[in-house]
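See below for model01.txt, which holds compact mmCIF, C-alpha atoms and all ligand atoms.
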```
# COMPACT_ATOMS: atom_id res chain seq x y z
CA MET A 1 -6.30 -24.87 -64.40
CA ASN A 2 -4.05 -21.95 -65.30
CA ILE A 3 -4.51 -19.37 -68.02
CA HIS A 4 -2.19 -16.90 -69.74
CA GLU A 5 -1.62 -13.32 -68.67
CA TYR A 6 -3.21 -11.99 -71.88
CA GLN A 7 -6.38 -13.92 -71.01
CA ALA A 8 -6.34 -13.01 -67.32
CA ARG A 9 -6.00 -9.30 -68.03
CA GLN A 10 -9.12 -9.46 -70.23
CA ILE A 11 -11.04 -10.95 -67.32
CA LEU A 12 -9.75 -8.20 -65.03
CA GLU A 13 -10.79 -5.57 -67.56
CA SER A 14 -14.30 -7.01 -67.74
CA TYR A 15 -14.50 -6.48 -63.95
CA GLY A 16 -13.53 -2.83 -64.30
CA ILE A 17 -9.90 -3.24 -63.23
CA SER A 18 -7.39 -0.95 -64.97
CA VAL A 19 -4.71 -2.66 -67.03
CA PRO A 20 -2.31 -1.15 -69.58
CA ARG A 21 -3.53 -1.08 -73.20
CA ALA A 22 -2.20 -4.20 -74.91
CA GLY A 23 -2.69 -6.96 -77.44
CA ASP A 24 -1.30 -10.43 -78.03
CA ALA A 25 0.90 -11.39 -80.97
CA SER A 26 1.95 -14.72 -82.46
CA THR A 27 4.53 -13.33 -84.89
CA PRO A 28 7.17 -10.58 -84.74
CA GLU A 29 5.23 -8.71 -87.44
CA GLU A 30 2.06 -8.68 -85.32
CA ALA A 31 4.15 -7.47 -82.38
CA ARG A 32 5.55 -4.63 -84.51
CA GLN A 33 2.04 -3.64 -85.62
CA LEU A 34 0.79 -3.60 -82.04
CA ALA A 35 3.76 -1.49 -80.98
CA VAL A 36 2.92 1.02 -83.74
CA GLU A 37 -0.68 1.22 -82.49
CA LEU A 38 0.49 1.60 -78.88
CA GLY A 39 2.89 4.44 -79.62
CA GLY A 40 6.25 2.65 -79.87
CA ARG A 41 7.32 2.48 -76.23
CA VAL A 42 6.07 -0.94 -75.18
CA VAL A 43 6.84 -3.97 -73.07
CA VAL A 44 6.99 -7.38 -74.78
CA LYS A 45 6.13 -10.29 -72.49
CA ALA A 46 6.40 -14.02 -73.15
CA GLN A 47 3.07 -15.73 -72.51
CA VAL A 48 3.75 -18.84 -70.47
CA HIS A 49 2.06 -20.42 -67.47
CA ALA A 50 4.88 -19.45 -65.14
CA GLY A 51 6.08 -16.45 -63.20
CA GLY A 52 9.63 -15.19 -62.88
CA ARG A 53 9.70 -14.16 -66.54
CA GLY A 54 11.29 -10.80 -65.77
CA LYS A 55 14.47 -12.37 -64.43
CA ALA A 56 14.56 -14.98 -67.21
CA GLY A 57 14.50 -12.65 -70.21
CA GLY A 58 10.78 -13.06 -70.82
CA VAL A 59 9.92 -9.38 -70.23
CA LYS A 60 11.56 -6.75 -72.47
CA LEU A 61 11.04 -3.00 -72.29
CA VAL A 62 11.59 -1.42 -75.72
CA ASN A 63 11.41 1.98 -77.38
CA SER A 64 10.30 1.31 -80.95
CA PRO A 65 8.23 -1.04 -83.12
CA ASP A 66 11.45 -2.48 -84.61
CA GLU A 67 12.76 -3.34 -81.16
CA ALA A 68 9.37 -4.83 -80.26
CA ALA A 69 9.53 -7.11 -83.31
CA GLU A 70 13.10 -8.04 -82.40
CA ALA A 71 12.15 -8.87 -78.80
CA ALA A 72 9.17 -10.92 -80.00
CA ALA A 73 11.37 -12.78 -82.49
CA ALA A 74 13.79 -13.65 -79.71
CA MET A 75 11.00 -15.12 -77.55
CA LEU A 76 8.54 -16.74 -79.96
CA GLY A 77 9.26 -20.37 -80.73
CA THR A 78 11.70 -20.79 -77.86
CA ASN A 79 11.23 -22.46 -74.50
CA LEU A 80 11.35 -20.08 -71.57
CA VAL A 81 13.01 -21.41 -68.43
CA THR A 82 12.22 -19.55 -65.20
CA HIS A 83 12.66 -20.54 -61.56
CA GLN A 84 9.03 -21.68 -61.65
CA THR A 85 9.33 -24.01 -64.67
CA LYS A 86 10.85 -27.46 -65.08
CA ALA A 87 14.38 -27.65 -66.44
CA GLY A 88 13.25 -27.75 -70.09
CA GLY A 89 11.04 -24.69 -69.70
CA VAL A 90 7.72 -24.06 -71.44
CA PRO A 91 7.08 -23.10 -75.07
CA VAL A 92 6.40 -19.46 -76.00
CA ARG A 93 3.73 -19.27 -78.73
CA LYS A 94 2.45 -15.77 -78.01
CA VAL A 95 3.75 -12.54 -76.58
CA LEU A 96 1.79 -9.76 -74.95
CA VAL A 97 2.66 -6.31 -76.28
CA ALA A 98 1.63 -3.65 -73.75
CA GLU A 99 1.94 0.09 -73.64
CA LEU A 100 4.92 0.95 -71.42
CA THR A 101 3.83 2.12 -67.99
CA ASP A 102 5.87 4.64 -66.02
CA ILE A 103 5.95 3.17 -62.54
CA ALA A 104 6.11 5.18 -59.31
CA ASP A 105 5.59 2.21 -56.98
CA GLU A 106 5.27 -1.58 -57.29
CA LEU A 107 2.87 -3.27 -54.84
CA TYR A 108 1.47 -6.76 -54.44
CA VAL A 109 -2.03 -8.15 -54.00
CA ALA A 110 -3.28 -11.72 -54.19
CA ILE A 111 -6.26 -13.76 -53.13
CA THR A 112 -6.24 -17.44 -52.38
CA MET A 113 -8.43 -19.88 -50.44
CA ASP A 114 -7.21 -20.19 -46.87
CA ALA A 115 -7.96 -23.57 -45.32
CA ASP A 116 -7.52 -22.36 -41.72
CA ALA A 117 -9.74 -19.31 -42.18
CA ARG A 118 -12.12 -21.35 -44.38
CA ALA A 119 -12.43 -18.24 -46.50
CA PRO A 120 -10.81 -16.34 -49.36
CA MET A 121 -7.71 -14.61 -47.99
CA VAL A 122 -6.47 -11.32 -49.41
CA MET A 123 -2.71 -10.90 -49.07
CA ALA A 124 -1.22 -7.56 -49.96
CA SER A 125 2.08 -5.82 -49.56
CA SER A 126 3.85 -2.58 -50.29
CA GLU A 127 6.79 -4.74 -51.48
CA GLY A 128 5.62 -5.81 -54.94
CA GLY A 129 7.62 -6.67 -58.04
CA VAL A 130 10.36 -8.50 -56.16
CA GLU A 131 9.99 -12.08 -55.09
CA ILE A 132 7.12 -12.10 -52.69
CA GLU A 133 8.35 -15.46 -51.31
CA GLU A 134 11.37 -13.58 -49.94
CA VAL A 135 9.20 -10.94 -48.31
CA ALA A 136 7.05 -13.69 -46.78
CA ALA A 137 10.14 -15.49 -45.46
CA ASN A 138 12.21 -12.53 -44.21
CA THR A 139 9.75 -9.75 -43.41
CA PRO A 140 6.31 -11.36 -43.02
CA GLU A 141 5.08 -8.28 -41.16
CA LYS A 142 5.12 -6.50 -44.53
CA ILE A 143 2.26 -8.69 -45.76
CA VAL A 144 -1.27 -7.66 -44.81
CA ARG A 145 -3.70 -10.57 -44.56
CA VAL A 146 -7.46 -10.06 -44.47
CA ALA A 147 -10.08 -12.80 -44.83
CA ALA A 148 -13.14 -12.11 -46.97
CA ASP A 149 -16.53 -13.39 -45.88
CA PRO A 150 -17.17 -16.52 -47.97
CA LEU A 151 -20.82 -15.54 -48.50
CA ILE A 152 -20.80 -11.74 -48.60
CA GLY A 153 -17.31 -11.15 -50.01
CA LEU A 154 -14.80 -8.54 -48.93
CA SER A 155 -16.40 -5.62 -47.12
CA PRO A 156 -15.59 -2.17 -48.54
CA TYR A 157 -13.96 -1.00 -45.29
CA HIS A 158 -11.63 -4.00 -45.39
CA ALA A 159 -10.66 -3.25 -48.98
CA ARG A 160 -10.00 0.36 -47.97
CA ASP A 161 -7.98 -0.74 -44.95
CA ILE A 162 -5.78 -2.93 -47.19
CA ALA A 163 -5.21 -0.06 -49.62
CA MET A 164 -4.15 2.22 -46.74
CA LYS A 165 -1.86 -0.38 -45.18
CA ILE A 166 0.10 -1.07 -48.39
CA GLY A 167 0.83 2.62 -48.78
CA ILE A 168 -1.50 3.66 -51.59
CA PRO A 169 -1.32 7.50 -51.77
CA ILE A 170 -4.37 9.03 -50.12
CA ASP A 171 -5.85 10.47 -53.31
CA LEU A 172 -5.70 7.01 -54.95
CA VAL A 173 -7.26 5.07 -52.07
CA ARG A 174 -10.70 5.20 -53.65
CA PRO A 175 -9.75 3.57 -57.00
CA ALA A 176 -7.41 1.13 -55.19
CA THR A 177 -10.25 0.10 -52.89
CA ALA A 178 -12.49 -0.53 -55.89
CA LEU A 179 -9.72 -2.52 -57.58
CA ILE A 180 -9.21 -4.76 -54.54
CA SER A 181 -12.97 -5.31 -54.17
CA ASN A 182 -13.25 -6.21 -57.84
CA LEU A 183 -10.36 -8.67 -57.57
CA CYS A 184 -12.29 -10.43 -54.81
CA LYS A 185 -15.32 -10.56 -57.07
CA VAL A 186 -13.21 -12.19 -59.81
CA PHE A 187 -11.94 -14.73 -57.28
CA GLN A 188 -15.37 -15.64 -55.95
CA GLU A 189 -17.59 -15.39 -59.01
CA LEU A 190 -15.22 -17.37 -61.23
CA ASP A 191 -14.27 -20.01 -58.62
CA ALA A 192 -10.59 -19.12 -58.81
CA SER A 193 -8.03 -20.79 -56.58
CA LEU A 194 -5.57 -17.92 -57.02
CA VAL A 195 -5.72 -14.37 -58.28
CA GLU A 196 -2.33 -12.66 -58.10
CA ILE A 197 -1.34 -9.18 -59.22
CA ASN A 198 2.41 -8.65 -58.97
CA PRO A 199 3.09 -5.88 -59.49
CA LEU A 200 0.06 -3.78 -58.79
CA VAL A 201 1.43 -0.35 -59.66
CA VAL A 202 0.95 3.27 -58.88
CA THR A 203 1.91 5.15 -62.05
CA THR A 204 3.82 8.42 -62.21
CA ASP A 205 0.68 10.07 -63.60
CA GLY A 206 -1.37 8.97 -60.60
CA ARG A 207 -3.24 5.83 -61.59
CA VAL A 208 -3.48 2.39 -59.98
CA MET A 209 -3.33 -0.58 -62.34
CA ALA A 210 -2.62 -4.29 -62.62
CA LEU A 211 0.66 -4.65 -64.53
CA ASP A 212 0.73 -8.45 -64.36
CA ALA A 213 -2.13 -10.90 -63.91
CA LYS A 214 -2.19 -14.49 -62.83
CA ILE A 215 -5.43 -16.42 -62.37
CA SER A 216 -5.74 -20.12 -61.56
CA PHE A 217 -9.10 -21.84 -61.41
CA GLU A 218 -10.43 -24.57 -59.17
CA ASP A 219 -10.61 -27.63 -61.45
CA ASP A 220 -13.62 -29.07 -59.63
CA ALA A 221 -15.68 -25.94 -60.34
CA LEU A 222 -14.85 -25.60 -64.04
CA PHE A 223 -18.06 -27.37 -65.05
CA ARG A 224 -19.79 -24.14 -64.00
CA HIS A 225 -17.58 -22.02 -66.27
CA LYS A 226 -17.59 -23.40 -69.80
CA GLU A 227 -16.21 -20.15 -71.19
CA ILE A 228 -13.13 -20.48 -68.97
CA LEU A 229 -12.52 -24.08 -70.03
CA GLU A 230 -12.05 -22.73 -73.55
CA LEU A 231 -9.05 -20.72 -72.37
CA GLU A 232 -7.06 -23.84 -71.58
CA ASP A 233 -3.69 -24.23 -73.32
CA PRO A 234 -2.67 -27.89 -72.87
CA GLU A 235 0.71 -27.24 -74.46
CA GLN A 236 1.75 -25.36 -71.32
CA ASN A 237 1.11 -28.36 -69.11
CA ASP A 238 3.68 -31.00 -68.31
CA GLU A 239 3.35 -33.64 -71.03
CA LEU A 240 3.08 -36.59 -68.66
CA GLU A 241 0.72 -34.76 -66.31
CA GLN A 242 -1.49 -33.96 -69.29
CA LYS A 243 -1.41 -37.58 -70.46
CA ALA A 244 -2.37 -38.79 -66.97
CA HIS A 245 -5.11 -36.17 -66.70
CA ASP A 246 -6.58 -37.23 -70.05
CA ALA A 247 -6.57 -40.85 -68.84
CA GLY A 248 -8.33 -39.87 -65.60
CA LEU A 249 -5.27 -40.68 -63.50
CA ALA A 250 -3.69 -38.48 -60.84
CA TYR A 251 0.02 -37.99 -61.55
CA VAL A 252 2.32 -35.73 -59.58
CA LYS A 253 5.89 -35.05 -60.69
CA LEU A 254 8.41 -34.35 -57.93
CA ASP A 255 11.85 -32.82 -58.36
CA GLY A 256 15.03 -34.52 -57.32
CA GLY A 257 13.81 -38.10 -56.78
CA ARG A 258 14.60 -41.32 -58.65
CA VAL A 259 11.82 -43.71 -57.62
CA GLY A 260 8.61 -43.92 -59.64
CA CYS A 261 5.68 -44.73 -57.37
CA MET A 262 2.38 -46.38 -58.25
CA VAL A 263 -0.19 -46.32 -55.47
CA ASN A 264 -3.93 -46.31 -54.94
CA GLY A 265 -5.06 -43.64 -52.52
CA ALA A 266 -3.41 -40.70 -50.79
CA GLY A 267 -2.72 -42.60 -47.56
CA LEU A 268 -0.70 -45.22 -49.38
CA ALA A 269 1.12 -42.45 -51.20
CA MET A 270 2.26 -41.10 -47.81
CA ALA A 271 3.38 -44.56 -46.65
CA THR A 272 5.19 -45.01 -49.96
CA MET A 273 7.01 -41.74 -49.41
CA ASP A 274 8.19 -43.14 -46.05
CA ILE A 275 9.40 -46.39 -47.61
CA THR A 276 11.32 -44.49 -50.26
CA LYS A 277 12.97 -42.29 -47.64
CA THR A 278 13.82 -45.34 -45.54
CA ALA A 279 15.59 -46.73 -48.60
CA GLY A 280 17.65 -43.51 -48.69
CA ALA A 281 15.97 -42.20 -51.85
CA ALA A 282 13.10 -39.90 -52.84
CA PRO A 283 10.08 -40.29 -55.12
CA ALA A 284 10.43 -38.93 -58.68
CA ASN A 285 6.68 -39.03 -59.04
CA PHE A 286 3.43 -40.45 -57.74
CA LEU A 287 0.82 -42.05 -59.88
CA ASP A 288 -2.41 -42.66 -58.03
CA VAL A 289 -4.52 -45.16 -59.97
CA GLY A 290 -7.44 -44.60 -57.59
CA GLY A 291 -10.24 -47.05 -56.95
CA GLY A 292 -11.52 -49.32 -59.69
CA ALA A 293 -8.99 -48.81 -62.47
CA ALA A 294 -9.16 -51.38 -65.28
CA GLU A 295 -6.21 -53.31 -66.67
CA ASP A 296 -5.53 -50.93 -69.57
CA LYS A 297 -5.61 -47.90 -67.25
CA ILE A 298 -3.04 -49.54 -65.00
CA ALA A 299 -0.92 -50.26 -68.07
CA GLU A 300 -1.18 -46.62 -69.12
CA ALA A 301 -0.28 -45.50 -65.59
CA PHE A 302 2.76 -47.76 -65.66
CA GLU A 303 3.81 -46.39 -69.03
CA ILE A 304 3.60 -42.83 -67.74
CA ILE A 305 5.87 -43.70 -64.80
CA VAL A 306 8.38 -45.38 -67.11
CA SER A 307 8.36 -42.33 -69.43
CA ASP A 308 9.67 -40.14 -66.60
CA THR A 309 13.39 -40.11 -67.37
CA ASP A 310 14.30 -39.48 -63.70
CA VAL A 311 12.96 -42.90 -62.71
CA GLU A 312 15.60 -45.55 -61.90
CA ALA A 313 13.35 -47.97 -60.03
CA ILE A 314 9.62 -48.41 -59.62
CA LEU A 315 7.83 -49.02 -56.35
CA VAL A 316 4.29 -50.35 -56.62
CA ASN A 317 2.34 -50.19 -53.38
CA LEU A 318 -1.28 -51.24 -53.77
CA PHE A 319 -4.09 -52.32 -51.54
CA GLY A 320 -6.66 -54.48 -53.26
CA GLY A 321 -10.11 -53.30 -52.32
CA ILE A 322 -12.26 -52.09 -55.16
CA LEU A 323 -9.10 -52.43 -57.23
CA ARG A 324 -8.27 -56.14 -57.48
CA CYS A 325 -4.59 -57.02 -57.26
CA ASP A 326 -4.76 -59.54 -60.12
CA VAL A 327 -6.16 -56.82 -62.40
CA ALA A 328 -3.41 -54.46 -61.30
CA ALA A 329 -0.76 -57.13 -61.92
CA ARG A 330 -2.02 -57.83 -65.44
CA GLY A 331 -2.00 -54.08 -66.12
CA ILE A 332 1.57 -53.77 -64.89
CA VAL A 333 2.69 -56.70 -67.04
CA MET A 334 0.97 -55.14 -70.04
CA GLY A 335 2.62 -51.76 -69.36
CA ALA A 336 6.02 -53.36 -68.87
CA GLN A 337 5.72 -55.30 -72.12
CA ASN A 338 4.47 -52.26 -74.08
CA THR A 339 7.44 -50.21 -72.95
CA ALA A 340 9.95 -53.08 -72.88
CA THR A 341 11.31 -51.53 -69.72
CA LYS A 342 14.31 -52.96 -67.91
CA LEU A 343 13.73 -50.85 -64.80
CA PRO A 344 13.72 -52.83 -61.55
CA LEU A 345 10.33 -53.17 -59.94
CA VAL A 346 9.48 -53.62 -56.27
CA VAL A 347 5.88 -54.63 -55.68
CA ALA A 348 3.91 -54.71 -52.45
CA MET A 349 0.32 -55.93 -52.83
CA ARG A 350 -2.19 -56.73 -50.16
CA GLY A 351 -5.92 -57.28 -50.08
CA THR A 352 -8.20 -58.78 -52.71
CA ASN A 353 -6.47 -61.39 -54.92
CA ALA A 354 -3.03 -60.27 -53.74
CA GLU A 355 -1.49 -63.75 -54.01
CA GLU A 356 -2.80 -64.19 -57.51
CA GLY A 357 -1.44 -60.76 -58.43
CA LEU A 358 2.02 -61.49 -57.07
CA GLN A 359 2.02 -64.82 -58.92
CA ILE A 360 1.12 -63.13 -62.22
CA LEU A 361 4.06 -60.76 -61.77
CA ALA A 362 6.45 -63.55 -60.79
CA ASP A 363 5.43 -65.59 -63.86
CA ALA A 364 5.79 -62.72 -66.33
CA GLY A 365 9.58 -62.73 -66.42
CA LEU A 366 9.90 -59.08 -65.35
CA ASN A 367 12.73 -57.59 -63.32
CA VAL A 368 10.50 -57.71 -60.24
CA THR A 369 10.94 -58.20 -56.51
CA THR A 370 7.66 -59.01 -54.80
CA VAL A 371 7.46 -58.27 -51.09
CA GLY A 372 5.04 -59.08 -48.29
CA ASP A 373 5.17 -55.91 -46.22
CA LEU A 374 6.45 -52.36 -46.28
CA GLY A 375 9.60 -53.11 -44.29
CA GLU A 376 10.59 -55.67 -46.92
CA ALA A 377 9.72 -53.14 -49.60
CA ALA A 378 12.21 -50.64 -48.15
CA THR A 379 14.94 -53.29 -48.01
CA ALA A 380 14.26 -54.48 -51.55
CA LEU A 381 14.23 -50.90 -52.83
CA THR A 382 17.59 -50.20 -51.18
CA VAL A 383 19.06 -53.22 -52.97
CA VAL A 384 17.70 -52.42 -56.45
CA LEU A 385 18.71 -48.76 -56.17
CA ALA A 386 22.24 -49.70 -55.16
CA SER A 387 22.59 -52.00 -58.14
CA ALA A 388 21.00 -49.38 -60.46
CA ALA A 389 23.59 -46.86 -59.22
CA SER A 390 26.53 -49.23 -59.68
CA SER A 391 25.43 -50.26 -63.19
CA ASN A 392 25.12 -46.54 -64.06
CA LYS A 393 28.71 -46.09 -62.93
CA GLY A 394 29.75 -49.05 -65.04
CA ASN A 395 28.24 -47.44 -68.09
CA SER A 396 29.85 -44.05 -67.73
P1 LIG B 401 7.05 -11.77 -64.07
O1 LIG B 401 8.52 -11.55 -63.82
O2 LIG B 401 6.80 -13.02 -64.83
O3 LIG B 401 6.26 -11.69 -62.82
O4 LIG B 401 6.59 -10.58 -65.06
P2 LIG B 401 5.98 -9.13 -64.75
O5 LIG B 401 4.93 -8.85 -65.72
O6 LIG B 401 5.59 -9.00 -63.31
O7 LIG B 401 7.20 -8.15 -65.05
C1 LIG B 401 8.39 -8.18 -64.30
C2 LIG B 401 8.89 -6.79 -64.01
O8 LIG B 401 9.08 -6.08 -65.21
C3 LIG B 401 7.92 -5.94 -63.20
O9 LIG B 401 8.03 -6.18 -61.82
C4 LIG B 401 8.34 -4.55 -63.58
O10 LIG B 401 9.41 -4.13 -62.76
C5 LIG B 401 8.85 -4.71 -65.01
N1 LIG B 401 7.82 -4.20 -65.93
C6 LIG B 401 6.83 -4.90 -66.53
N2 LIG B 401 6.05 -4.08 -67.28
C7 LIG B 401 6.56 -2.83 -67.14
C8 LIG B 401 6.20 -1.53 -67.65
O11 LIG B 401 5.23 -1.33 -68.39
N3 LIG B 401 6.99 -0.49 -67.28
C9 LIG B 401 8.07 -0.63 -66.46
N4 LIG B 401 8.77 0.43 -66.13
N5 LIG B 401 8.43 -1.83 -65.95
C10 LIG B 401 7.69 -2.92 -66.29
MN MN B 402 4.81 -10.55 -62.04
```

What is this file in structure tokens?
Amino acid sequence: MNIHEYQARQILESYGISVPRAGDASTPEEARQLAVELGGRVVVKAQVHAGGRGKAGGVKLVNSPDEAAEAAAAMLGTNLVTHQTKAGGVPVRKVLVAELTDIADELYVAITMDADARAPMVMASSEGGVEIEEVAANTPEKIVRVAADPLIGLSPYHARDIAMKIGIPIDLVRPATALISNLCKVFQELDASLVEINPLVVTTDGRVMALDAKISFEDDALFRHKEILELEDPEQNDELEQKAHDAGLAYVKLDGGRVGCMVNGAGLAMATMDITKTAGAAPANFLDVGGGAAEDKIAEAFEIIVSDTDVEAILVNLFGGILRCDVAARGIVMGAQNTATKLPLVVAMRGTNAEEGLQILADAGLNVTTVGDLGEAATALTVVLASAASSNKGNS
């Protein structure tokens, strides 16, 4: 689960980490008022669950309350598109209005769980503010990586070592060390999956502070943090992902593909990826219906796949174990009828009641090709995609 910057910075503050004075506003008038209270020179920042706002017009440095209101008016109620969002962007309902900070140096620090180290990993760099992905790709030696002990946390000498290595001026090493230690505490105590400060800044008047704040939480640990659950803003989530989540289904949207995939289990998802590639295409999404999904859940899953406008054909690849194929088939028929979809369907079913399932699909009068194995699935998918492409051409 992700939260907004204005929420994350409050968490940082409660752990003793310096952040600029700021408040959040939902109207231009509130933004103006905040700017008055903060002395006029402020930065107005769109609150969305995505980075890259600076380059996308979502961060405006202004010199007066009037300009702050103007900047807020330009952002509020629009959708912000950044390189981290989907094409349609995400809605801006709030802006953060923060006292303008005079920056001497922009640095980077983040903590994430490292599977190889089996521990929280602190990553820090003197090259903050810019795209850290570029630093990681072109000059990885500029990123310091230090694992924290999963039980004890980050030792003070490690935190100090990080501060020194990213070029914190010597007289600011002590507060920077405390800041890094406290960030680790946030990560561990709140079961975060990511804490990222970009930029961490050294100010011209000699302070170290977090100028941006991103915190993501481990979904499986949220039951331990009821107060964090309340920070959720479902409007920021992808609509279909949210719908699937509410239905207890796992849905993953992928960019650039045109095949909707319904599977049960991660292994089948991988095999389905292979089939799709063999057919010369790519998945637009994966919907994992999991183990014992009932008919109406399968129908809902199918409807979510159909709602994805990138989908030109649907590949169903199921293994009937706990999930019975006849139940799945009835669910698919229900979903297809509810949506009145004309999309071609390729279905591979094996395991419990597979023959019955395939029969149900064949009898339902859908645009369906049933196949016996994955090789046949790839061939059938190639055929339906070719005819989908040619009928698209015919239409245009
Ligand atoms: P992001 O682009 O979504 O990561 O948004 P950030 O909050 O990181 O802001 C982007 C950039 O705007 C920062 O890297 C800074 O260069 C600049 N910026 C943000 N706040 C301030 C500020 O208070 N003063 C100055 N001088 N620059 C700022
Ligand atoms: Mn940033």

### Message
One number please: atom CA of A:Asp373 to atom CA of A:Leu358, in Å, one decimal.
### Response
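Atom-to-atom, atom CA of A:Asp373 and atom CA of A:Leu358 are spaced 12.6 Å apart.
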
### Query
Using all atoms listed in the file, which of the listed residues (A:Thr379, A:Thr177, A:Asn198, A:Thr27) sits closest to A:Ala73?
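Selected residue with least distance to A:Ala73: A:Thr27.
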
### Query
How many Å separate atom CA of A:Ser387 from atom CA of A:Val371?
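Taking atom CA of A:Ser387 and atom CA of A:Val371, their separation equals 17.8 Å.
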
### Task
Using all atoms listed in the file, determine which residues lie at most 10 Å from stretch 137-147 of chain A, disregarding the query and same-chain residues fewer than 4 positions distant; provide the list as an MDAnalysis selection string.
chainID A and resid 108:114 117:127 132:133 153:155 158:159 161:163 165:166

#### Entry: Environment of ligand LIG 401 (chain B) within 7 Å, counting all atoms listed in the file, reported as a list of chain:residue names
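Within the 7 Å cut-off, the matching residues are A:Val42, A:Val43, A:Ala50, A:Gly51, A:Gly52, A:Arg53, A:Gly54, A:Lys55, A:Val59, A:Leu61, A:Ala98, A:Glu99, A:Leu100, A:Thr101, A:Asp102, A:Ile103, A:Gly129, A:Val130, A:Asn198, A:Pro199, A:Leu211, A:Asp212.
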
Limited to C-alpha atoms, could you put the picked residues into a file as an mmCIF file, in the frame of the given file?
```cif
data_model
loop_
_atom_site.group_PDB
_atom_site.id
_atom_site.type_symbol
_atom_site.label_atom_id
_atom_site.label_comp_id
_atom_site.auth_asym_id
_atom_site.auth_seq_id
_atom_site.Cartn_x
_atom_site.Cartn_y
_atom_site.Cartn_z
ATOM 1 C CA VAL A 42 6.070 -0.940 -75.180
ATOM 2 C CA VAL A 43 6.840 -3.970 -73.070
ATOM 3 C CA ALA A 50 4.880 -19.450 -65.140
ATOM 4 C CA GLY A 51 6.080 -16.450 -63.200
ATOM 5 C CA GLY A 52 9.630 -15.190 -62.880
ATOM 6 C CA ARG A 53 9.700 -14.160 -66.540
ATOM 7 C CA GLY A 54 11.290 -10.800 -65.770
ATOM 8 C CA LYS A 55 14.470 -12.370 -64.430
ATOM 9 C CA VAL A 59 9.920 -9.380 -70.230
ATOM 10 C CA LEU A 61 11.040 -3.000 -72.290
ATOM 11 C CA ALA A 98 1.630 -3.650 -73.750
ATOM 12 C CA GLU A 99 1.940 0.090 -73.640
ATOM 13 C CA LEU A 100 4.920 0.950 -71.420
ATOM 14 C CA THR A 101 3.830 2.120 -67.990
ATOM 15 C CA ASP A 102 5.870 4.640 -66.020
ATOM 16 C CA ILE A 103 5.950 3.170 -62.540
ATOM 17 C CA GLY A 129 7.620 -6.670 -58.040
ATOM 18 C CA VAL A 130 10.360 -8.500 -56.160
ATOM 19 C CA ASN A 198 2.410 -8.650 -58.970
ATOM 20 C CA PRO A 199 3.090 -5.880 -59.490
ATOM 21 C CA LEU A 211 0.660 -4.650 -64.530
ATOM 22 C CA ASP A 212 0.730 -8.450 -64.360
#
```

### Task
Find the residues near A:Pro65: any atom within 8 Å, counting all atoms listed in the file, skip ones fewer than 3 places away on the same chain, and give them as a list in words.
Ala31, Arg32, Gln33, Leu34, Ala35, Val36, Gly40, Arg41, Ala68 and Ala69 of chain A

### Query
Using only C-alpha atoms, which residue out of A:Asp326, A:Asp66, A:Glu312, A:Asp116 lies closest to A:Ser391?
A:Glu312

Please enclose the listed atoms of stretch 379-391 of chain A in an axis-aligned box, pad each side by 3 Å, and write out the centre and the three edge lengths in Å, rounded to one decimal, as lines of an AutoDock Vina configuration file.
```
center_x = 20.4
center_y = -50.7
center_z = -55.6
size_x = 18.3
size_y = 13.6
size_z = 21.2
```

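In this model, the gap between atom CA of A:Leu222 and atom CA of A:Cys261 comes to 28.8 Å.
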
Could you list as a compact mmCIF listing (two decimals) with C-alpha atoms, keeping the file's coordinate frame every residue that has an atom within 10 Å of (10.9, -52.1, -43.4), using the file's coordinates and counting only C-alpha atoms?
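Contents of part_22.txt, as written:
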```
# COMPACT_ATOMS: atom_id res chain seq x y z
CA ASP A 274 8.19 -43.14 -46.05
CA ILE A 275 9.40 -46.39 -47.61
CA THR A 278 13.82 -45.34 -45.54
CA ALA A 279 15.59 -46.73 -48.60
CA ASP A 373 5.17 -55.91 -46.22
CA LEU A 374 6.45 -52.36 -46.28
CA GLY A 375 9.60 -53.11 -44.29
CA GLU A 376 10.59 -55.67 -46.92
CA ALA A 377 9.72 -53.14 -49.60
CA ALA A 378 12.21 -50.64 -48.15
CA THR A 379 14.94 -53.29 -48.01
CA ALA A 380 14.26 -54.48 -51.55
```

Would you kindly place N, CA and C atoms on stretch 162-167 of chain A and return the model as a PDB file, in the frame of the given file?
```pdb
ATOM      1  N   ILE A 162      -6.919  -2.314 -46.493  1.00  0.00           N
ATOM      2  CA  ILE A 162      -5.780  -2.930 -47.190  1.00  0.00           C
ATOM      3  C   ILE A 162      -5.044  -1.876 -48.014  1.00  0.00           C
ATOM      4  N   ALA A 163      -5.812  -1.094 -48.769  1.00  0.00           N
ATOM      5  CA  ALA A 163      -5.210  -0.060 -49.620  1.00  0.00           C
ATOM      6  C   ALA A 163      -4.361   0.897 -48.780  1.00  0.00           C
ATOM      7  N   MET A 164      -4.888   1.293 -47.625  1.00  0.00           N
ATOM      8  CA  MET A 164      -4.150   2.220 -46.740  1.00  0.00           C
ATOM      9  C   MET A 164      -2.872   1.550 -46.240  1.00  0.00           C
ATOM     10  N   LYS A 165      -2.991   0.286 -45.819  1.00  0.00           N
ATOM     11  CA  LYS A 165      -1.860  -0.380 -45.180  1.00  0.00           C
ATOM     12  C   LYS A 165      -0.721  -0.675 -46.150  1.00  0.00           C
ATOM     13  N   ILE A 166      -1.006  -0.812 -47.455  1.00  0.00           N
ATOM     14  CA  ILE A 166       0.100  -1.070 -48.390  1.00  0.00           C
ATOM     15  C   ILE A 166       0.642   0.232 -48.974  1.00  0.00           C
ATOM     16  N   GLY A 167       0.202   1.350 -48.426  1.00  0.00           N
ATOM     17  CA  GLY A 167       0.830   2.620 -48.780  1.00  0.00           C
ATOM     18  C   GLY A 167       0.334   3.249 -50.062  1.00  0.00           C
TER      19      GLY A 167
END
```
